[in-house]
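Peer 1: Input entry.txt, format and content: compact mmCIF, C-alpha atoms.
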```
# COMPACT_ATOMS: atom_id res chain seq x y z
CA MET A 1 -12.55 -79.09 -100.85
CA SER A 2 -14.34 -82.31 -101.80
CA ALA A 3 -16.63 -84.09 -99.36
CA ALA A 4 -14.13 -86.95 -99.09
CA ALA A 5 -11.24 -84.58 -98.36
CA ALA A 6 -13.31 -82.68 -95.81
CA SER A 7 -14.28 -85.82 -93.93
CA ALA A 8 -10.62 -86.78 -93.63
CA THR A 9 -9.60 -83.37 -92.28
CA ASN A 10 -9.15 -82.84 -88.56
CA VAL A 11 -9.23 -79.25 -87.30
CA ALA A 12 -8.69 -77.76 -83.83
CA VAL A 13 -10.41 -74.45 -83.06
CA ILE A 14 -9.02 -72.55 -80.08
CA GLY A 15 -11.57 -70.28 -78.46
CA GLY A 16 -15.31 -70.69 -77.91
CA GLY A 17 -16.32 -67.10 -78.48
CA ILE A 18 -18.33 -65.97 -81.48
CA SER A 19 -15.40 -66.30 -83.94
CA GLY A 20 -14.46 -69.79 -82.81
CA ALA A 21 -18.04 -71.02 -82.55
CA VAL A 22 -19.00 -69.77 -86.01
CA CYS A 23 -15.82 -71.19 -87.53
CA ALA A 24 -16.41 -74.58 -85.90
CA SER A 25 -20.04 -74.63 -87.03
CA LEU A 26 -19.26 -73.79 -90.67
CA LEU A 27 -16.41 -76.29 -90.86
CA ALA A 28 -18.54 -79.06 -89.33
CA ALA A 29 -21.35 -78.27 -91.77
CA SER A 30 -18.84 -78.98 -94.57
CA GLY A 31 -18.01 -82.38 -93.11
CA VAL A 32 -14.78 -81.41 -91.33
CA ALA A 33 -14.09 -83.05 -87.95
CA VAL A 34 -13.77 -80.17 -85.48
CA THR A 35 -12.55 -80.13 -81.88
CA LEU A 36 -13.04 -76.82 -80.10
CA PHE A 37 -11.03 -75.91 -76.99
CA ASP A 38 -11.84 -73.12 -74.56
CA SER A 39 -10.38 -72.33 -71.15
CA GLY A 40 -13.72 -71.10 -69.80
CA ARG A 41 -16.58 -73.05 -68.26
CA GLY A 42 -18.67 -72.68 -71.39
CA ALA A 43 -19.01 -70.97 -74.75
CA GLY A 44 -19.36 -67.22 -75.03
CA GLY A 45 -16.10 -65.29 -74.88
CA ARG A 46 -16.91 -61.65 -75.61
CA MET A 47 -20.56 -62.71 -75.91
CA ALA A 48 -20.63 -63.68 -72.23
CA GLN A 49 -23.66 -63.49 -69.95
CA ARG A 50 -23.68 -63.17 -66.16
CA ARG A 51 -26.49 -64.44 -63.93
CA GLU A 52 -27.32 -63.17 -60.45
CA VAL A 53 -30.12 -64.33 -58.13
CA MET A 54 -31.92 -61.78 -55.96
CA GLU A 55 -33.17 -62.42 -52.42
CA ASP A 56 -36.72 -62.92 -53.71
CA GLY A 57 -35.56 -65.66 -56.08
CA THR A 58 -35.58 -63.49 -59.20
CA GLU A 59 -32.81 -64.31 -61.65
CA LEU A 60 -31.13 -61.38 -63.39
CA ARG A 61 -29.22 -61.89 -66.63
CA PHE A 62 -26.63 -59.44 -67.87
CA ASP A 63 -25.01 -59.49 -71.31
CA HIS A 64 -21.75 -58.01 -70.07
CA GLY A 65 -19.92 -58.66 -73.33
CA ALA A 66 -21.22 -57.55 -76.73
CA PRO A 67 -24.76 -56.15 -76.25
CA TYR A 68 -25.87 -56.84 -79.85
CA PHE A 69 -24.52 -57.21 -83.37
CA THR A 70 -25.37 -55.86 -86.81
CA VAL A 71 -24.93 -57.37 -90.26
CA SER A 72 -23.50 -55.66 -93.34
CA ASP A 73 -22.36 -58.64 -95.43
CA ASP A 74 -24.72 -60.70 -97.60
CA GLU A 75 -23.04 -64.01 -96.76
CA VAL A 76 -23.20 -63.29 -93.04
CA ALA A 77 -26.82 -62.20 -93.45
CA ARG A 78 -27.68 -65.65 -94.83
CA VAL A 79 -26.04 -67.33 -91.84
CA VAL A 80 -27.84 -65.05 -89.37
CA SER A 81 -31.14 -65.68 -91.17
CA GLY A 82 -30.65 -69.37 -90.43
CA TRP A 83 -30.02 -68.60 -86.76
CA GLU A 84 -33.14 -66.48 -86.65
CA ALA A 85 -35.21 -69.32 -88.13
CA ARG A 86 -33.86 -71.62 -85.40
CA GLY A 87 -34.78 -69.12 -82.69
CA ILE A 88 -31.27 -68.55 -81.33
CA VAL A 89 -31.24 -64.88 -82.38
CA ALA A 90 -33.91 -62.23 -82.75
CA GLU A 91 -34.04 -58.64 -83.89
CA TRP A 92 -33.87 -56.16 -81.03
CA LYS A 93 -36.49 -53.59 -81.97
CA ALA A 94 -35.63 -50.77 -79.62
CA MET A 95 -34.98 -47.04 -79.61
CA PHE A 96 -31.37 -45.88 -79.37
CA GLY A 97 -29.77 -42.50 -78.93
CA SER A 98 -26.94 -40.56 -77.31
CA PHE A 99 -26.54 -38.81 -73.96
CA ASP A 100 -24.52 -35.61 -73.85
CA ARG A 101 -22.97 -35.32 -70.39
CA GLU A 102 -22.22 -31.61 -70.77
CA ALA A 103 -25.75 -30.72 -71.89
CA GLY A 104 -27.33 -33.30 -69.56
CA LYS A 105 -29.84 -34.51 -72.14
CA PHE A 106 -30.52 -37.22 -74.70
CA THR A 107 -29.92 -36.44 -78.37
CA ASP A 108 -29.57 -38.09 -81.78
CA PHE A 109 -32.50 -40.50 -81.46
CA GLU A 110 -32.21 -43.41 -83.87
CA LYS A 111 -35.29 -44.92 -85.45
CA GLU A 112 -35.87 -48.66 -85.13
CA GLU A 113 -35.62 -49.31 -88.84
CA THR A 114 -32.25 -47.51 -89.30
CA THR A 115 -30.03 -50.56 -88.68
CA LYS A 116 -31.18 -54.01 -87.62
CA LYS A 117 -29.67 -55.05 -84.31
CA TYR A 118 -29.62 -58.74 -83.43
CA VAL A 119 -29.31 -60.38 -80.02
CA GLY A 120 -28.97 -63.95 -78.82
CA VAL A 121 -32.04 -65.53 -77.21
CA PRO A 122 -32.26 -65.64 -74.26
CA GLY A 123 -28.72 -64.23 -73.98
CA MET A 124 -25.85 -63.30 -76.26
CA ASN A 125 -23.92 -66.43 -75.27
CA SER A 126 -26.84 -68.57 -76.52
CA ILE A 127 -25.47 -68.20 -80.05
CA CYS A 128 -22.08 -69.68 -79.16
CA LYS A 129 -23.63 -72.38 -76.98
CA SER A 130 -25.93 -73.55 -79.76
CA LEU A 131 -23.19 -73.59 -82.42
CA CYS A 132 -20.85 -75.58 -80.17
CA LEU A 133 -23.52 -78.27 -79.80
CA GLU A 134 -23.94 -78.87 -83.52
CA ASP A 135 -23.18 -82.23 -85.12
CA GLY A 136 -19.53 -82.59 -85.99
CA VAL A 137 -18.30 -80.22 -83.27
CA VAL A 138 -16.66 -81.68 -80.17
CA ALA A 139 -16.39 -78.88 -77.61
CA LYS A 140 -13.99 -79.20 -74.68
CA PHE A 141 -14.26 -76.48 -72.04
CA GLY A 142 -11.99 -75.82 -69.11
CA VAL A 143 -8.99 -76.62 -71.33
CA THR A 144 -6.23 -74.03 -71.71
CA ILE A 145 -3.81 -74.65 -74.57
CA GLY A 146 -0.29 -74.70 -73.16
CA ARG A 147 1.74 -75.71 -76.20
CA MET A 148 1.44 -75.94 -79.99
CA ASP A 149 4.06 -77.75 -82.03
CA TRP A 150 4.28 -78.41 -85.75
CA ILE A 151 5.33 -82.02 -86.32
CA GLN A 152 7.11 -81.97 -89.67
CA GLY A 153 7.18 -85.76 -90.08
CA ARG A 154 3.42 -86.02 -89.60
CA SER A 155 2.52 -82.71 -91.27
CA SER A 156 0.24 -81.94 -88.35
CA TRP A 157 -0.04 -79.84 -85.23
CA SER A 158 0.41 -81.36 -81.79
CA LEU A 159 -1.52 -79.66 -79.00
CA ALA A 160 -0.98 -80.00 -75.27
CA SER A 161 -2.96 -78.48 -72.41
CA PHE A 162 -1.53 -76.07 -69.86
CA ASP A 163 -1.23 -78.95 -67.37
CA GLY A 164 0.66 -81.10 -69.87
CA ARG A 165 -2.09 -83.37 -71.22
CA ASP A 166 -1.79 -84.53 -74.82
CA LEU A 167 -4.77 -83.15 -76.73
CA GLY A 168 -4.04 -84.87 -80.02
CA HIS A 169 -2.80 -84.11 -83.53
CA PHE A 170 -4.63 -81.89 -86.01
CA ASP A 171 -4.23 -81.10 -89.70
CA TYR A 172 -5.08 -77.45 -89.11
CA VAL A 173 -5.45 -75.13 -86.12
CA VAL A 174 -7.66 -72.04 -86.04
CA ALA A 175 -6.70 -69.76 -83.14
CA THR A 176 -9.26 -67.07 -82.34
CA ASP A 177 -7.46 -65.89 -79.19
CA LYS A 178 -4.45 -63.61 -79.60
CA ASN A 179 -3.06 -64.87 -76.30
CA ILE A 180 -2.01 -68.08 -78.06
CA ALA A 181 1.07 -66.16 -79.25
CA SER A 182 1.01 -62.99 -77.15
CA PRO A 183 3.52 -61.95 -74.46
CA ARG A 184 0.43 -61.25 -72.35
CA PHE A 185 0.13 -65.02 -71.88
CA SER A 186 3.48 -65.00 -70.10
CA GLY A 187 2.39 -62.15 -67.87
CA LEU A 188 -0.69 -64.11 -66.81
CA THR A 189 0.85 -67.57 -66.46
CA GLY A 190 4.60 -67.14 -66.06
CA ARG A 191 5.14 -69.43 -69.07
CA PRO A 192 5.96 -68.71 -72.71
CA PRO A 193 3.02 -68.46 -75.14
CA PRO A 194 1.83 -71.79 -76.64
CA LEU A 195 2.93 -70.82 -80.15
CA ASP A 196 6.60 -69.94 -80.72
CA LEU A 197 6.41 -67.03 -83.14
CA SER A 198 10.15 -67.11 -83.83
CA LEU A 199 9.30 -69.97 -86.18
CA LEU A 200 6.70 -67.86 -87.98
CA PRO A 201 8.09 -64.30 -88.42
CA GLU A 202 5.34 -63.22 -90.86
CA LEU A 203 2.62 -64.27 -88.44
CA SER A 204 4.45 -62.44 -85.66
CA MET A 205 4.15 -59.15 -87.54
CA MET A 206 0.46 -59.74 -88.26
CA ILE A 207 -0.37 -60.48 -84.62
CA GLN A 208 1.31 -57.27 -83.47
CA ASP A 209 -1.20 -55.35 -85.60
CA ILE A 210 -4.20 -56.93 -83.84
CA PRO A 211 -5.43 -54.43 -81.21
CA VAL A 212 -6.47 -55.43 -77.70
CA ARG A 213 -8.86 -52.97 -76.10
CA PRO A 214 -9.93 -54.00 -72.59
CA CYS A 215 -12.93 -52.40 -70.93
CA PHE A 216 -14.96 -52.60 -67.75
CA ALA A 217 -18.65 -53.51 -67.68
CA LEU A 218 -20.83 -52.29 -64.80
CA MET A 219 -24.01 -54.36 -64.25
CA LEU A 220 -26.90 -52.59 -62.51
CA ALA A 221 -30.41 -53.69 -61.57
CA PHE A 222 -33.23 -51.35 -60.59
CA SER A 223 -36.42 -52.16 -58.69
CA GLU A 224 -38.45 -49.78 -60.85
CA PRO A 225 -38.31 -48.84 -64.55
CA LEU A 226 -36.17 -45.79 -65.35
CA THR A 227 -38.97 -43.66 -66.74
CA LYS A 228 -36.71 -40.68 -67.40
CA VAL A 229 -34.60 -42.67 -69.84
CA PRO A 230 -36.42 -42.53 -73.21
CA VAL A 231 -34.27 -45.16 -74.99
CA GLN A 232 -33.16 -48.76 -74.49
CA GLY A 233 -29.57 -48.11 -75.47
CA PHE A 234 -27.39 -45.06 -75.80
CA SER A 235 -23.83 -43.85 -76.30
CA PHE A 236 -22.20 -41.13 -74.22
CA ASN A 237 -20.89 -37.88 -75.66
CA ASN A 238 -18.33 -35.70 -73.85
CA SER A 239 -17.39 -38.41 -71.37
CA ASP A 240 -13.84 -39.58 -70.66
CA TYR A 241 -14.93 -42.83 -69.02
CA LEU A 242 -18.38 -43.92 -70.20
CA SER A 243 -19.03 -45.34 -73.63
CA TRP A 244 -22.39 -47.17 -73.85
CA ALA A 245 -25.36 -48.19 -71.72
CA PHE A 246 -28.03 -50.76 -72.56
CA CYS A 247 -31.22 -52.10 -71.01
CA ASP A 248 -30.87 -55.88 -71.17
CA SER A 249 -34.41 -56.53 -69.94
CA SER A 250 -35.80 -54.84 -73.07
CA LYS A 251 -34.26 -57.53 -75.30
CA PRO A 252 -36.36 -60.41 -76.68
CA GLY A 253 -36.54 -63.16 -74.05
CA CYS A 254 -34.39 -61.26 -71.55
CA ALA A 255 -36.91 -60.04 -68.96
CA ARG A 256 -36.30 -60.80 -65.29
CA VAL A 257 -37.03 -64.45 -64.58
CA PRO A 258 -38.33 -65.67 -61.16
CA LEU A 259 -36.64 -68.99 -60.47
CA ASN A 260 -39.72 -70.37 -58.72
CA SER A 261 -42.09 -69.76 -61.63
```
Any chance you could give the structure as C-alpha cells?

Peer 2:
Amino acid sequence: MSAAAASATNVAVIGGGISGAVCASLLAASGVAVTLFDSGRGAGGRMAQRREVMEDGTELRFDHGAPYFTVSDDEVARVVSGWEARGIVAEWKAMFGSFDREAGKFTDFEKEETTKKYVGVPGMNSICKSLCLEDGVVAKFGVTIGRMDWIQGRSSWSLASFDGRDLGHFDYVVATDKNIASPRFSGLTGRPPPLDLSLLPELSMMIQDIPVRPCFALMLAFSEPLTKVPVQGFSFNNSDYLSWAFCDSSKPGCARVPLNS
C-alpha cells in the first residue's frame, strides 16, 4: 500500500489487548488512521494487571493475565527489540521449573538462557497502554461494540455502540475479540452479536474453530519470601486443577511499591 493510499484509509480495531494494540500500532506506523475500541477501562485484555493497596500503604501489582511471552519469529523479534529499546519490555531472567504434586518436589529446572522470556515494565499491560498512545492511534475505552453493518453504497463498515451511539464509518474493521460474532455475546447481554454471521458463512466456519479456554487466576501476597520455593515460575505436574504459578515481584520493575515513597 502506498503512503497516499494508507493515509486515506480509515480502520477500526476492536479490542485493546495485545493483538489489537499491536495491530493498531503497526497500522498507524504505516500512516493508516486507526480508531481502537475496547469495552474495558483501559488497554490490556489478557495482559491485564490488578493493583491492591495494603493497610500499610504498600501497593501490590499482579499480572493476572499472561505472565510473560516468548518470541520465535524473526519479524516479531524485531518489533520486540524496538519495545525493549523504549523500555516498555524487559527480559525476565529467572529460574523456572516444574512441581510434581505426587512426588511433592520441584523437578525439570530450566536454565535462564534456554528461552528468553519477556515481560512488560512495570506490568504486562504496559505494552498495550504504550502502543495505544502512539501517534495515529485514537483509543476509545469503555465502548462496547453493539452493531456492525456493511454499507454497500459506501463500501464501508458502520459501527454503533451497545447503547446505540454512532461510532462512524470505516474502510476496514479488525476484530480481535471472538465475542463480536459469538453466541456467547447473547448469553452475556441478551442481544444478538454485533456481526451477523449469516451474511458471511465462510467467516462463521472459521470462528467456530477458534478455541475459548477460560481459566481462574488466584492472586496471593506473602509477608515473607517463600524460601522453600527455588524458582520464580513453575508448572504443575499431576494436578487436575493447577497449571502454573509465578512470582510477579521477581520481574523487572515489579517489586512491591509503597505509595508514600

Peer 1: Pick out the residues sitting within 10 Å of Ser155 (chain A), and hand them over as a ChimeraX atom specification; count all atoms listed in the file, and ignore anything fewer than 2 positions along from it in its own chain.

Peer 2: /A:150-153,157-158,169-172

Peer 1: Report the distance between CA of Cys254 (chain A) and CA of Arg78 (chain A) in Å, rounded to one decimal place.

Peer 2: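 These two atoms are separated by 24.6 Å.
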
Peer 1: Which neighbours of Arg46 (chain A) fall inside 7 Å, counting all atoms listed in the file, when residues of the same chain fewer than 3 positions from it are skipped, and could you give them as an MDAnalysis selection string?

Peer 2: chainID A and resid 17 65:66

Peer 1: Write out as a PyMOL selection string each polymer residue whose atoms come within 10 Å of Ser126 (chain A), counting only C-alpha atoms; drop sequence neighbours fewer than 2 positions from it.

Peer 2: chain A and resi 43-44+47-49+88-89+119-124+128-132

Peer 1: Got a sec: who's within 8 Å of region 104-118 of chain A, counting all atoms listed in the file, leaving out chain neighbours fewer than 3 positions off, as a compact mmCIF listing (two decimals) with C-alpha atoms, in the frame of the given file?

Peer 2:
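Output file part24.txt is given in full below:
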```
# COMPACT_ATOMS: atom_id res chain seq x y z
CA TYR A 68 -25.87 -56.84 -79.85
CA PHE A 69 -24.52 -57.21 -83.37
CA THR A 70 -25.37 -55.86 -86.81
CA VAL A 71 -24.93 -57.37 -90.26
CA VAL A 89 -31.24 -64.88 -82.38
CA ALA A 90 -33.91 -62.23 -82.75
CA GLU A 91 -34.04 -58.64 -83.89
CA TRP A 92 -33.87 -56.16 -81.03
CA LYS A 93 -36.49 -53.59 -81.97
CA ALA A 94 -35.63 -50.77 -79.62
CA MET A 95 -34.98 -47.04 -79.61
CA PHE A 96 -31.37 -45.88 -79.37
CA GLY A 97 -29.77 -42.50 -78.93
CA SER A 98 -26.94 -40.56 -77.31
CA PHE A 99 -26.54 -38.81 -73.96
CA ASP A 100 -24.52 -35.61 -73.85
CA ARG A 101 -22.97 -35.32 -70.39
```

Peer 1: Interatomic distance between CA of Ala21 (chain A) and CA of Ser39 (chain A)?

Peer 2: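 Between CA of Ala21 (chain A) and CA of Ser39 (chain A) the gap works out to 13.8 Å.
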
Peer 1: Which residues are close to Tyr241 (chain A), i.e. within 12 Å by only C-alpha atoms, leaving aside same-chain residues fewer than 2 positions away? Reply as number ranges by chain.

Peer 2: A: 101, 215-218, 235-239, 243-244

Peer 1: I need the chosen residues saved as an mmCIF file, keeping the file's coordinate frame, with C-alpha atoms.

Peer 2:
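Final output, part.cif:
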```cif
data_model
loop_
_atom_site.group_PDB
_atom_site.id
_atom_site.type_symbol
_atom_site.label_atom_id
_atom_site.label_comp_id
_atom_site.auth_asym_id
_atom_site.auth_seq_id
_atom_site.Cartn_x
_atom_site.Cartn_y
_atom_site.Cartn_z
ATOM 1 C CA ARG A 101 -22.970 -35.320 -70.390
ATOM 2 C CA CYS A 215 -12.930 -52.400 -70.930
ATOM 3 C CA PHE A 216 -14.960 -52.600 -67.750
ATOM 4 C CA ALA A 217 -18.650 -53.510 -67.680
ATOM 5 C CA LEU A 218 -20.830 -52.290 -64.800
ATOM 6 C CA SER A 235 -23.830 -43.850 -76.300
ATOM 7 C CA PHE A 236 -22.200 -41.130 -74.220
ATOM 8 C CA ASN A 237 -20.890 -37.880 -75.660
ATOM 9 C CA ASN A 238 -18.330 -35.700 -73.850
ATOM 10 C CA SER A 239 -17.390 -38.410 -71.370
ATOM 11 C CA SER A 243 -19.030 -45.340 -73.630
ATOM 12 C CA TRP A 244 -22.390 -47.170 -73.850
#
```

Peer 1: Between A:Asp38, A:Phe246, A:Ser198, A:Ala33, which residue has the minimum interatomic distance to Met219 (chain A), considering all atoms listed in the file?

Peer 2: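 Comparing A:Asp38, A:Phe246, A:Ser198, A:Ala33 against Met219 (chain A), the winner is A:Phe246.
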
Peer 1: Grab the CA of Asp149 (chain A) to CA of Leu199 (chain A) distance for me, in Å with one decimal place.

Peer 2: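 Distance between the two atoms: 10.3 Å.
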